[in-house]
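*Asks:* File follows, model_5.cif with mmCIF, C-alpha atoms:
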data_work
#
loop_
_atom_site.label_atom_id
_atom_site.label_comp_id
_atom_site.auth_asym_id
_atom_site.auth_seq_id
_atom_site.Cartn_x
_atom_site.Cartn_y
_atom_site.Cartn_z
CA MET A 1 -0.08 -33.94 -3.12
CA SER A 2 2.10 -30.88 -2.80
CA VAL A 3 4.37 -31.56 -5.81
CA PHE A 4 2.55 -32.57 -8.96
CA VAL A 5 4.71 -33.99 -11.75
CA PHE A 6 2.99 -33.94 -15.12
CA PRO A 7 2.75 -37.33 -16.83
CA PRO A 8 4.26 -38.04 -20.24
CA GLY A 9 2.04 -37.30 -23.23
CA PRO A 10 0.24 -34.13 -24.31
CA ARG A 11 1.60 -31.24 -22.30
CA VAL A 12 0.32 -28.15 -20.55
CA HIS A 13 1.82 -25.18 -22.36
CA ILE A 14 2.18 -21.49 -21.60
CA LEU A 15 0.50 -19.94 -24.64
CA GLY A 16 1.12 -16.31 -23.73
CA THR A 17 1.94 -13.84 -20.97
CA GLY A 18 1.18 -10.19 -20.28
CA HIS A 19 1.26 -7.58 -17.57
CA HIS A 20 0.04 -4.12 -16.72
CA LEU A 21 1.46 -1.52 -14.34
CA PRO A 22 -0.62 1.55 -13.55
CA ASP A 23 0.54 5.13 -13.56
CA PRO A 24 1.73 7.18 -11.78
CA VAL A 25 5.19 6.03 -10.79
CA ARG A 26 5.98 6.75 -7.15
CA ASP A 27 9.68 7.17 -6.41
CA ASN A 28 11.29 6.89 -3.01
CA ALA A 29 11.19 10.64 -2.44
CA ALA A 30 7.40 10.51 -2.84
CA VAL A 31 7.14 7.62 -0.36
CA ILE A 32 9.06 9.71 2.16
CA ALA A 33 7.02 12.84 1.39
CA ALA A 34 3.84 10.84 2.11
CA GLY A 35 5.00 10.34 5.70
CA CYS A 36 7.39 7.38 5.79
CA ASP A 37 10.26 8.20 8.15
CA THR A 38 13.25 6.83 6.25
CA THR A 39 15.70 7.87 3.53
CA ALA A 40 15.80 7.08 -0.17
CA ASP A 41 19.21 5.44 0.27
CA ASP A 42 17.91 3.27 3.07
CA ILE A 43 14.92 2.11 0.98
CA VAL A 44 17.25 1.08 -1.84
CA LYS A 45 19.64 -0.61 0.56
CA LYS A 46 16.92 -2.57 2.38
CA THR A 47 14.65 -3.43 -0.56
CA GLY A 48 16.42 -2.77 -3.87
CA ILE A 49 13.42 -0.62 -4.90
CA VAL A 50 13.89 2.76 -6.57
CA SER A 51 10.33 3.30 -7.77
CA ARG A 52 6.98 1.54 -8.00
CA HIS A 53 3.62 2.01 -9.73
CA ILE A 54 0.57 3.14 -7.78
CA ALA A 55 -2.98 2.93 -9.11
CA PRO A 56 -5.05 6.14 -9.10
CA ASP A 57 -8.09 6.25 -6.83
CA ASP A 58 -10.58 5.49 -9.60
CA VAL A 59 -8.82 2.29 -10.70
CA ALA A 60 -9.79 -1.06 -9.18
CA THR A 61 -7.89 -4.36 -9.09
CA SER A 62 -10.02 -5.80 -11.91
CA ASP A 63 -9.05 -2.86 -14.14
CA LEU A 64 -5.38 -3.85 -13.82
CA ALA A 65 -6.29 -7.51 -14.29
CA ILE A 66 -8.26 -6.81 -17.48
CA ALA A 67 -5.39 -4.81 -18.99
CA ALA A 68 -2.89 -7.57 -18.17
CA ALA A 69 -5.27 -10.21 -19.56
CA LYS A 70 -5.66 -8.32 -22.84
CA ALA A 71 -1.88 -8.01 -23.18
CA CYS A 72 -1.61 -11.75 -22.56
CA LEU A 73 -4.26 -12.58 -25.18
CA ASP A 74 -2.47 -10.33 -27.68
CA ASP A 75 0.75 -12.18 -26.96
CA ALA A 76 -0.95 -15.54 -27.48
CA GLY A 77 -2.74 -14.35 -30.63
CA LEU A 78 -6.11 -15.45 -29.22
CA SER A 79 -9.38 -13.67 -28.62
CA ALA A 80 -11.30 -13.85 -25.35
CA ALA A 81 -13.67 -16.32 -27.04
CA GLY A 82 -10.86 -18.88 -26.87
CA ILE A 83 -10.78 -18.92 -23.05
CA ASP A 84 -12.51 -21.84 -21.31
CA ARG A 85 -11.84 -20.78 -17.71
CA LEU A 86 -10.60 -17.75 -15.77
CA ILE A 87 -8.81 -17.80 -12.42
CA VAL A 88 -7.89 -14.54 -10.70
CA SER A 89 -5.43 -14.43 -7.82
CA THR A 90 -5.88 -11.45 -5.54
CA THR A 91 -6.12 -10.43 -1.90
CA SER A 92 -7.25 -6.91 -2.72
CA PRO A 93 -10.55 -7.69 -4.45
CA ASP A 94 -12.69 -4.97 -6.02
CA GLN A 95 -15.22 -5.67 -3.26
CA PRO A 96 -15.91 -8.53 -0.80
CA VAL A 97 -18.66 -10.04 -2.99
CA PRO A 98 -18.77 -11.02 -5.81
CA SER A 99 -15.37 -12.25 -6.92
CA THR A 100 -12.95 -9.99 -8.74
CA ALA A 101 -13.03 -12.68 -11.42
CA SER A 102 -16.65 -11.64 -12.12
CA PHE A 103 -15.51 -8.13 -13.00
CA VAL A 104 -12.63 -9.39 -15.13
CA HIS A 105 -15.05 -11.81 -16.84
CA ALA A 106 -17.30 -8.89 -17.74
CA GLY A 107 -14.41 -6.70 -18.84
CA LEU A 108 -13.15 -9.36 -21.22
CA GLY A 109 -16.64 -10.10 -22.55
CA LEU A 110 -16.51 -13.77 -21.56
CA ASP A 111 -19.66 -15.87 -21.85
CA LEU A 112 -21.70 -18.17 -19.63
CA GLU A 113 -19.65 -21.22 -20.61
CA CYS A 114 -16.48 -19.71 -19.11
CA PRO A 115 -16.49 -20.19 -15.32
CA ALA A 116 -14.39 -17.78 -13.29
CA HIS A 117 -13.31 -17.59 -9.68
CA ASP A 118 -10.76 -16.03 -7.33
CA VAL A 119 -7.86 -17.65 -5.51
CA ALA A 120 -6.45 -16.10 -2.33
CA ALA A 121 -2.93 -17.14 -1.34
CA ALA A 122 -1.35 -13.67 -1.08
CA CYS A 123 1.97 -13.32 -2.92
CA ALA A 124 1.98 -17.05 -3.75
CA GLY A 125 -1.54 -16.86 -5.18
CA SER A 126 -0.73 -16.63 -8.86
CA LEU A 127 1.27 -19.86 -8.71
CA TYR A 128 -1.51 -21.51 -6.67
CA ALA A 129 -3.83 -20.43 -9.49
CA LEU A 130 -1.40 -21.76 -12.09
CA ASP A 131 -1.35 -25.12 -10.27
CA THR A 132 -5.16 -25.29 -10.35
CA ALA A 133 -5.34 -24.11 -13.94
CA ALA A 134 -2.80 -26.66 -15.15
CA ARG A 135 -4.93 -29.50 -13.82
CA HIS A 136 -7.94 -28.23 -15.79
CA VAL A 137 -5.79 -28.19 -18.92
CA LEU A 138 -4.50 -31.67 -18.24
CA THR A 139 -7.81 -33.30 -17.38
CA ALA A 140 -10.22 -31.41 -19.64
CA GLY A 141 -8.07 -29.89 -22.36
CA GLU A 142 -9.22 -26.40 -21.37
CA VAL A 143 -7.54 -23.11 -22.22
CA VAL A 144 -7.26 -21.32 -18.88
CA LEU A 145 -6.42 -17.67 -18.26
CA VAL A 146 -4.60 -17.01 -14.97
CA VAL A 147 -4.36 -13.43 -13.72
CA GLY A 148 -2.58 -12.23 -10.60
CA ALA A 149 -3.51 -8.70 -9.58
CA ASP A 150 -3.30 -6.54 -6.49
CA ILE A 151 -3.66 -2.92 -5.50
CA ARG A 152 -1.60 -3.13 -2.36
CA SER A 153 -1.37 0.65 -1.98
CA ARG A 154 -5.01 0.82 -0.79
CA VAL A 155 -4.19 -1.10 2.39
CA LEU A 156 -0.84 0.45 3.26
CA ASP A 157 -0.15 2.69 6.23
CA VAL A 158 1.97 5.32 4.47
CA THR A 159 3.96 5.89 7.67
CA ASP A 160 4.94 2.22 8.13
CA VAL A 161 8.62 1.83 7.20
CA GLY A 162 8.26 -1.95 6.96
CA THR A 163 5.55 -1.99 4.27
CA ALA A 164 5.02 1.43 2.65
CA PRO A 165 8.24 1.47 0.56
CA LEU A 166 7.96 -2.22 -0.32
CA PHE A 167 4.52 -2.90 -1.74
CA ALA A 168 3.09 -1.66 -5.03
CA ASP A 169 0.31 -2.20 -7.58
CA GLY A 170 0.22 -4.26 -10.75
CA ALA A 171 -1.12 -7.29 -12.58
CA GLY A 172 0.34 -10.17 -14.55
CA ALA A 173 -1.36 -12.79 -16.69
CA LEU A 174 -0.59 -16.11 -18.26
CA LEU A 175 -2.56 -18.32 -20.64
CA LEU A 176 -2.32 -22.09 -20.27
CA GLY A 177 -3.50 -24.63 -22.80
CA PRO A 178 -2.86 -28.07 -24.23
CA GLY A 179 -0.04 -28.59 -26.69
CA PRO A 180 2.38 -31.06 -28.24
CA ASP A 181 4.40 -33.57 -26.26
CA ALA A 182 7.61 -31.52 -26.35
CA GLY A 183 8.03 -28.74 -23.81
CA GLY A 184 5.40 -27.45 -21.38
CA LEU A 185 5.00 -27.57 -17.62
CA LEU A 186 7.05 -30.30 -15.97
CA ALA A 187 5.68 -29.87 -12.43
CA THR A 188 3.80 -27.56 -10.11
CA ALA A 189 3.98 -27.39 -6.33
CA ALA A 190 2.08 -25.69 -3.52
CA PHE A 191 2.73 -25.65 0.22
CA LEU A 192 1.32 -23.93 3.28
CA ASP A 193 2.94 -23.48 6.69
CA SER A 194 0.02 -22.14 8.71
CA ARG A 195 2.26 -21.34 11.69
CA GLY A 196 2.89 -18.10 9.81
CA ARG A 197 -0.77 -17.09 9.55
CA ASP A 198 -0.45 -14.31 12.13
CA LYS A 199 2.98 -12.96 11.11
CA ILE A 200 1.87 -10.70 8.24
CA GLY A 201 -1.62 -9.72 7.19
CA ILE A 202 -4.63 -7.46 7.53
CA VAL A 203 -6.51 -8.36 10.71
CA GLY A 204 -9.51 -6.04 10.28
CA GLY A 205 -12.38 -6.21 7.85
CA GLY A 206 -13.16 -9.92 7.93
CA SER A 207 -15.67 -11.97 9.91
CA ARG A 208 -13.37 -12.24 12.94
CA ARG A 209 -12.82 -8.51 13.34
CA PRO A 210 -15.35 -6.51 11.31
CA LEU A 211 -14.26 -2.91 10.96
CA THR A 212 -15.61 -0.51 13.55
CA ALA A 213 -14.70 3.10 14.16
CA GLU A 214 -12.31 1.98 16.91
CA ARG A 215 -10.62 -0.65 14.75
CA LEU A 216 -10.27 1.79 11.87
CA ALA A 217 -8.68 4.29 14.25
CA ALA A 218 -6.27 1.55 15.35
CA GLY A 219 -5.31 0.92 11.73
CA GLU A 220 -6.62 -2.65 11.51
CA GLN A 221 -7.46 -2.09 7.83
CA HIS A 222 -3.75 -1.83 7.03
CA LEU A 223 -1.32 -4.53 6.00
CA ARG A 224 1.03 -5.16 8.92
CA MET A 225 4.23 -7.14 9.15
CA VAL A 226 3.92 -8.26 12.76
CA ASP A 227 7.18 -10.24 12.82
CA GLY A 228 9.52 -9.05 10.09
CA LEU A 229 12.34 -11.42 10.98
CA ASP A 230 10.08 -14.45 10.78
CA VAL A 231 8.53 -13.23 7.52
CA TYR A 232 11.92 -12.71 5.85
CA MET A 233 13.29 -16.01 7.10
CA SER A 234 10.19 -17.86 5.94
CA ALA A 235 10.03 -16.19 2.53
CA THR A 236 13.71 -16.96 1.89
CA GLU A 237 13.67 -20.48 3.23
CA GLY A 238 10.21 -21.20 1.81
CA MET A 239 11.15 -20.36 -1.77
CA ALA A 240 14.47 -22.19 -1.51
CA ASP A 241 12.71 -25.24 -0.08
CA ALA A 242 10.02 -25.13 -2.77
CA ALA A 243 12.78 -25.02 -5.39
CA ALA A 244 14.50 -28.07 -3.93
CA ARG A 245 11.26 -30.04 -3.66
CA ILE A 246 9.97 -29.36 -7.17
CA LEU A 247 13.36 -30.07 -8.77
CA ASP A 248 13.65 -33.28 -6.79
CA GLY A 249 10.08 -34.31 -7.66
CA ALA A 250 10.57 -33.64 -11.35
CA GLY A 251 14.01 -35.27 -11.41
CA VAL A 252 15.63 -32.11 -12.76
CA ASP A 253 19.13 -31.12 -11.64
CA LYS A 254 19.44 -27.52 -10.47
CA ALA A 255 22.29 -27.04 -12.95
CA ALA A 256 19.75 -27.60 -15.74
CA VAL A 257 17.68 -24.58 -14.66
CA SER A 258 18.20 -21.77 -17.18
CA LEU A 259 16.26 -19.04 -15.41
CA VAL A 260 14.66 -18.53 -12.00
CA VAL A 261 11.71 -16.13 -11.86
CA PRO A 262 10.89 -15.59 -8.21
CA HIS A 263 8.23 -13.51 -6.50
CA GLN A 264 9.79 -10.05 -6.31
CA ALA A 265 9.55 -9.93 -2.54
CA ASN A 266 12.61 -7.85 -1.74
CA GLY A 267 15.91 -7.45 -3.59
CA ARG A 268 17.96 -8.84 -0.74
CA ILE A 269 15.68 -11.85 -0.34
CA LEU A 270 16.08 -12.71 -4.02
CA ARG A 271 19.86 -12.98 -3.66
CA ARG A 272 19.54 -15.12 -0.55
CA VAL A 273 17.01 -17.47 -2.12
CA ALA A 274 19.46 -18.20 -4.92
CA ALA A 275 22.30 -18.83 -2.47
CA LEU A 276 20.21 -21.05 -0.21
CA ALA A 277 18.84 -23.08 -3.13
CA GLY A 278 22.29 -23.45 -4.68
CA LEU A 279 21.17 -21.63 -7.84
CA ASP A 280 23.40 -19.25 -9.77
CA ASP A 281 22.77 -15.62 -8.86
CA ASP A 282 22.95 -14.53 -12.50
CA LYS A 283 20.10 -16.88 -13.40
CA VAL A 284 17.69 -15.07 -11.05
CA PHE A 285 15.47 -12.56 -12.84
CA SER A 286 14.71 -9.36 -10.98
CA CYS A 287 12.59 -6.36 -11.90
CA ILE A 288 12.01 -5.19 -8.35
CA GLU A 289 13.99 -1.97 -8.83
CA THR A 290 11.21 -0.27 -10.79
CA VAL A 291 8.20 -2.50 -9.98
CA GLY A 292 8.38 -3.19 -6.25
CA ASN A 293 6.52 -6.02 -4.55
CA THR A 294 3.19 -6.34 -6.35
CA SER A 295 2.00 -9.37 -4.37
CA SER A 296 -0.26 -11.55 -6.59
CA GLY A 297 0.92 -9.79 -9.73
CA SER A 298 4.59 -10.18 -8.93
CA VAL A 299 5.78 -13.46 -10.40
CA LEU A 300 3.62 -13.22 -13.54
CA ILE A 301 4.76 -9.63 -14.17
CA ALA A 302 8.36 -10.78 -13.77
CA LEU A 303 7.83 -13.74 -16.12
CA ASP A 304 6.34 -11.52 -18.82
CA ARG A 305 9.15 -8.99 -18.50
CA ALA A 306 11.74 -11.78 -18.64
CA ARG A 307 10.17 -13.14 -21.85
CA ARG A 308 9.95 -9.73 -23.47
CA ALA A 309 13.57 -9.03 -22.47
CA GLY A 310 14.67 -12.17 -24.34
CA ARG A 311 15.67 -14.03 -21.18
CA VAL A 312 13.47 -17.04 -22.08
CA GLN A 313 14.59 -19.15 -25.04
CA ALA A 314 13.35 -22.34 -26.69
CA GLY A 315 14.40 -25.38 -24.68
CA ASP A 316 15.11 -23.43 -21.48
CA VAL A 317 14.02 -24.77 -18.11
CA VAL A 318 12.39 -21.96 -16.15
CA LEU A 319 11.69 -22.18 -12.42
CA LEU A 320 8.94 -19.97 -10.98
CA LEU A 321 8.91 -19.44 -7.20
CA ALA A 322 6.63 -17.57 -4.82
CA ALA A 323 6.07 -17.14 -1.10
CA GLY A 324 3.45 -15.13 0.70
CA ALA A 325 1.38 -14.55 3.80
CA GLY A 326 -0.08 -17.60 5.39
CA TYR A 327 2.73 -18.74 4.89
CA ALA A 328 1.97 -20.00 1.39
CA CYS A 329 4.71 -21.14 -0.98
CA ALA A 330 4.45 -22.37 -4.55
CA ALA A 331 6.58 -23.26 -7.54
CA ALA A 332 6.29 -24.26 -11.17
CA LEU A 333 8.84 -25.80 -13.52
CA TRP A 334 8.48 -25.06 -17.23
CA ARG A 335 10.42 -26.48 -20.15
CA VAL A 336 10.03 -23.88 -22.87
CA GLY A 337 8.75 -25.23 -26.18
CA ASP A 338 9.66 -24.05 -29.66
CA ALA A 339 8.06 -20.61 -29.26
CA PRO A 340 9.24 -18.95 -26.05
CA MET B 1 38.00 -23.98 17.81
CA THR B 2 37.66 -22.24 21.16
CA ASP B 3 34.77 -19.99 22.18
CA GLN B 4 37.17 -17.03 21.97
CA GLU B 5 38.15 -17.92 18.41
CA ILE B 6 34.49 -18.17 17.41
CA LEU B 7 33.79 -14.84 19.09
CA ASP B 8 36.67 -13.23 17.19
CA ALA B 9 35.40 -14.61 13.89
CA VAL B 10 31.85 -13.41 14.62
CA ARG B 11 33.26 -9.99 15.49
CA ASP B 12 35.10 -9.88 12.16
CA ILE B 13 31.87 -10.64 10.26
CA LEU B 14 29.96 -7.94 12.12
CA VAL B 15 32.67 -5.29 11.76
CA GLN B 16 33.39 -5.96 8.10
CA ASN B 17 29.80 -6.32 6.91
CA PHE B 18 27.39 -4.76 9.41
CA ARG B 19 28.95 -1.47 10.53
CA ALA B 20 29.72 -2.72 14.05
CA GLN B 21 32.59 -1.29 16.06
CA PRO B 22 34.97 -3.97 17.44
CA ASP B 23 34.40 -2.99 21.06
CA GLN B 24 30.62 -3.28 20.60
CA VAL B 25 30.84 -6.98 19.87
CA THR B 26 30.93 -8.34 23.41
CA PRO B 27 29.48 -11.69 24.50
CA GLU B 28 26.54 -9.90 26.10
CA ALA B 29 25.77 -7.68 23.09
CA SER B 30 22.30 -8.15 21.60
CA PHE B 31 22.18 -8.39 17.81
CA VAL B 32 19.03 -6.29 17.57
CA ARG B 33 19.26 -3.86 20.50
CA ASP B 34 23.02 -3.23 20.66
CA LEU B 35 24.37 -4.07 17.21
CA ARG B 36 21.27 -2.69 15.44
CA LEU B 37 20.78 -5.56 13.01
CA ASP B 38 17.38 -5.37 11.32
CA SER B 39 15.40 -8.35 10.06
CA LEU B 40 17.11 -8.44 6.68
CA ASP B 41 20.53 -7.96 8.27
CA VAL B 42 19.92 -11.04 10.42
CA VAL B 43 19.09 -13.16 7.35
CA ASP B 44 22.25 -11.89 5.61
CA PHE B 45 24.32 -12.38 8.75
CA VAL B 46 23.34 -16.05 8.97
CA PHE B 47 24.71 -16.61 5.47
CA PHE B 48 28.06 -15.10 6.48
CA VAL B 49 28.12 -17.35 9.56
CA HIS B 50 27.42 -20.47 7.49
CA LYS B 51 30.16 -19.58 5.04
CA ARG B 52 32.70 -18.80 7.76
CA PHE B 53 32.05 -21.85 9.95
CA GLY B 54 31.29 -24.40 7.26
CA TYR B 55 27.96 -25.83 8.43
CA LYS B 56 24.35 -25.13 7.51
CA ALA B 57 21.25 -24.79 9.66
CA LYS B 58 17.70 -23.66 9.10
CA LEU B 59 17.23 -19.90 9.33
CA HIS B 60 14.57 -20.46 11.95
CA ASP B 61 17.09 -22.23 14.17
CA TYR B 62 18.54 -18.77 14.81
CA ARG B 63 15.16 -17.25 15.58
CA ASP B 64 15.61 -17.05 19.37
CA LEU B 65 19.32 -16.27 19.58
CA ASP B 66 19.53 -12.86 21.21
CA THR B 67 23.16 -12.23 22.10
CA VAL B 68 26.62 -12.90 20.67
CA LYS B 69 27.16 -15.36 23.52
CA ASP B 70 24.04 -17.30 22.44
CA LEU B 71 25.38 -17.50 18.91
CA VAL B 72 28.84 -18.64 20.00
CA ALA B 73 27.26 -21.51 21.96
CA PHE B 74 25.02 -22.36 18.99
CA ILE B 75 27.97 -22.43 16.58
CA GLN B 76 30.04 -24.53 18.99
CA ALA B 77 27.19 -27.05 19.26
CA ARG B 78 26.73 -27.21 15.49
CA ARG B 79 30.43 -27.71 14.92
CA SER B 80 30.46 -30.54 17.45
CA GLU B 81 27.49 -32.18 15.70
CA SER B 82 29.18 -31.82 12.32
CA ALA B 83 32.39 -33.37 13.65
CA ALA B 84 30.59 -36.30 15.34
#
Write the structure described by the file as structure tokens, please.
*Replies:*
Amino acid sequence: MSVFVFPPGPRVHILGTGHHLPDPVRDNAAVIAAGCDTTADDIVKKTGIVSRHIAPDDVATSDLAIAAAKACLDDAGLSAAGIDRLIVSTTSPDQPVPSTASFVHAGLGLDLECPAHDVAAACAGSLYALDTAARHVLTAGEVVLVVGADIRSRVLDVTDVGTAPLFADGAGALLLGPGPDAGGLLATAAFLDSRGRDKIGIVGGGSRRPLTAERLAAGEQHLRMVDGLDVYMSATEGMADAAARILDGAGVDKAAVSLVVPHQANGRILRRVAALAGLDDDKVFSCIETVGNTSSGSVLIALDRARRAGRVQAGDVVLLLAAGAGYACAAALWRVGDAP
Amino acid sequence: MTDQEILDAVRDILVQNFRAQPDQVTPEASFVRDLRLDSLDVVDFVFFVHKRFGYKAKLHDYRDLDTVKDLVAFIQARRSESAA
């Protein structure tokens, strides 16, 4: 079932959020100096991005995830001992095996009774993870930590105008748990249009095309947008369609949505998603100007920043949207309880 | 609405919003090669077209339209469907 509407009764609540962005900050001049043949004005015009955060060489994806998770636990007022399950969304794992969740598990000092695993659905991954986590809360009363983290800069071709200015590094986290009947998640949704599986991605380094000297020389280790037009159309239409489906499934009118927190794909896409979905432009939260597109981290980073900026209030209906390679799309609808 | 009227309206959109020169917007002009629209421009352009002509279509329906002439025919067909 692609849209899951939560039944009446005890609800699945968001107990806390957090995020972490690494230093240093890379501005558009630095992107150009690294070899990207464009202008700072053109980057801003095409993406809405002025600067982004890039992890230093000695920092791994799990390091960002652990920092975001700790910020989230602080926000929730819980210790790591209160977590029953950990799900990490990433497509830039620390290493192929074991899961990045294993490293986050160790970093947080979690014990044997707390299972942990990765989810891979690119930029939609954190909402895929949220969908999975919510079902564990609903069926087993667990407290589940969801972390979305990526170090996209490690797989970028610094000369590629289509990707180098756009993608960045960062992690976001969210803690889900059971709570009272008022407020909580109303619905989650996940979709996949596999016709887009070859439009954007990293073709080298997996079982189909293990990296060889020749494939490395050809740049197969880099993230490539093979068909930019199709990717932008699908991201825009995919998030707008996910919005329509989850609102319809939950029986919520779009006028009742207080805030939309979309995957920070591209500044221009965000405006078009709102228009296509019939949602007010001023209800769409954006932090892309100084964060960039952080893939798995994106929507959870944006949600945490929206909360800390006071954009989320008790009783609000918040719509989370994401779209990514695959093409994967996902959404979540949250009625904020008494403590936003 | 005649094909010429649609062409004129498309030309207005391209000149006012996408840096095109009026004489560039011929029926044979390619959006990508001649009018230099990039991927994001195309997505934006579709929204202007929908607003101007009062119908809606999936973004992917425009995926294979190469020239202004292709778009004029597409818009004419959509308007006929809407009126039917």
*Asks:* Could you tell me which residues of chain A sit within 7 Å of chain B when counting all atoms listed in the file, and give me the result as an mmCIF file with C-alpha atoms, keeping the file's coordinate frame?
*Replies:*
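So the final result, stored in selection_33.cif, reads:
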data_model
loop_
_atom_site.group_PDB
_atom_site.id
_atom_site.type_symbol
_atom_site.label_atom_id
_atom_site.label_comp_id
_atom_site.auth_asym_id
_atom_site.auth_seq_id
_atom_site.Cartn_x
_atom_site.Cartn_y
_atom_site.Cartn_z
ATOM 1 C CA GLY A 228 9.520 -9.050 10.090
ATOM 2 C CA LEU A 229 12.340 -11.420 10.980
ATOM 3 C CA TYR A 232 11.920 -12.710 5.850
ATOM 4 C CA MET A 233 13.290 -16.010 7.100
#
*Asks:* Name the residues captured by the PyMOL selection byres ((chain B and resi 10-24) around 9) when it is applied to the shown file; answer as a PyMOL selection string.
*Replies:* chain B and resi 5-9+25-26+29+34-37+41+45+48-49+52+68+71-72
*Asks:* Enumerate, as a PyMOL selection string, the residues matched when the PyMOL selection byres ((chain A and resi 79-81) around 9) is run on the file above.
*Replies:* chain A and resi 70+73-74+76-78+82-84+108-111
*Asks:* For C-alpha atoms, I'd like the residues from the last selection saved as a compact mmCIF listing (two decimals), keeping the file's coordinate frame.
*Replies:*
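So again-v4.txt came out as:
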# COMPACT_ATOMS: atom_id res chain seq x y z
CA LYS A 70 -5.66 -8.32 -22.84
CA LEU A 73 -4.26 -12.58 -25.18
CA ASP A 74 -2.47 -10.33 -27.68
CA ALA A 76 -0.95 -15.54 -27.48
CA GLY A 77 -2.74 -14.35 -30.63
CA LEU A 78 -6.11 -15.45 -29.22
CA GLY A 82 -10.86 -18.88 -26.87
CA ILE A 83 -10.78 -18.92 -23.05
CA ASP A 84 -12.51 -21.84 -21.31
CA LEU A 108 -13.15 -9.36 -21.22
CA GLY A 109 -16.64 -10.10 -22.55
CA LEU A 110 -16.51 -13.77 -21.56
CA ASP A 111 -19.66 -15.87 -21.85
*Asks:* Centre and edge lengths, as AutoDock Vina command-line options, for the axis-aligned box enclosing every listed atom of region 19-28 of chain B with 4 Å of padding on each of the six sides, in Å to one decimal?
*Replies:*
--center_x 30.8 --center_y -6.5 --center_z 18.3 --size_x 16.4 --size_y 18.4 --size_z 23.6
*Asks:* I'd like the contact shell of region 270-272 of chain A - 12 Å cut-off, only C-alpha atoms, skipping same-chain residues fewer than 6 positions apart - returned as an NGL selection string.
*Replies:* (:A and (47-48 or 232-240 or 260-264 or 278-289 or 293 or 321-323)) or (:B and (40-48 or 59))
*Asks:* Here's the selection I'm unsure about, the PyMOL selection byres ((chain A and resi 142-156) around 7); applied to the file above, which residues does it give, as number ranges by chain?
*Replies:* A: 54-55, 61, 64-65, 69, 83-92, 126, 129-130, 133, 136-137, 140-141, 157-158, 163-164, 167-177, 221-223, 294-297, 300
*Asks:* If you measure from CA of Asp66 (chain B) to CA of Val32 (chain B), what distance in Å do you get, rounded to one decimal?
*Replies:* 7.5 Å
*Asks:* Hey, can you check how far CA of Ser99 (chain A) sits from CA of Ala330 (chain A)?
*Replies:*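 Pair CA of Ser99 (chain A) / CA of Ala330 (chain A) returns 22.4 Å.
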*Asks:* For the atom pair CA of Tyr128 (chain A) and CA of Leu112 (chain A), what is the interatomic distance in Å to one decimal place?
*Replies:* 24.2 Å
*Asks:* Please provide the set of residues having any atom within 12 Å of Gly249 (chain A), restricted to all atoms listed in the file, with same-chain residues fewer than 6 positions apart removed, written as an NGL selection string.
*Replies:* :A and (1-6 or 186-189 or 242-243 or 331-333)
*Asks:* Can you pull out the residues contacting region 27-44 of chain A? Cut-off 6 Å, using all atoms listed in the file, and skip same-chain residues under 6 positions away; I want them as a list in words.
*Replies:*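 After dropping sequence-adjacent residues, the list is Ser51, Val158, Thr159 and Val161 of chain A.
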*Asks:* Within 9 Å of Arg197 (chain A), counting all atoms listed in the file, which residues show up once you throw out same-chain ones fewer than 4 positions away? Write them as a VMD selection string, please.
*Replies:* chain A and resid 193 201 325 to 327
*Asks:* Excluding Arg78 (chain B) and residues on its chain fewer than 4 positions from it, collect all residues at most 10 Å away from it, counting all atoms listed in the file, and give them as a list in words.
*Replies:*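 The neighbour list is Phe53, Gly54, Tyr55, Lys56, Ala57, Val72, Ala73, Phe74, Ser82, Ala83 and Ala84 of chain B.
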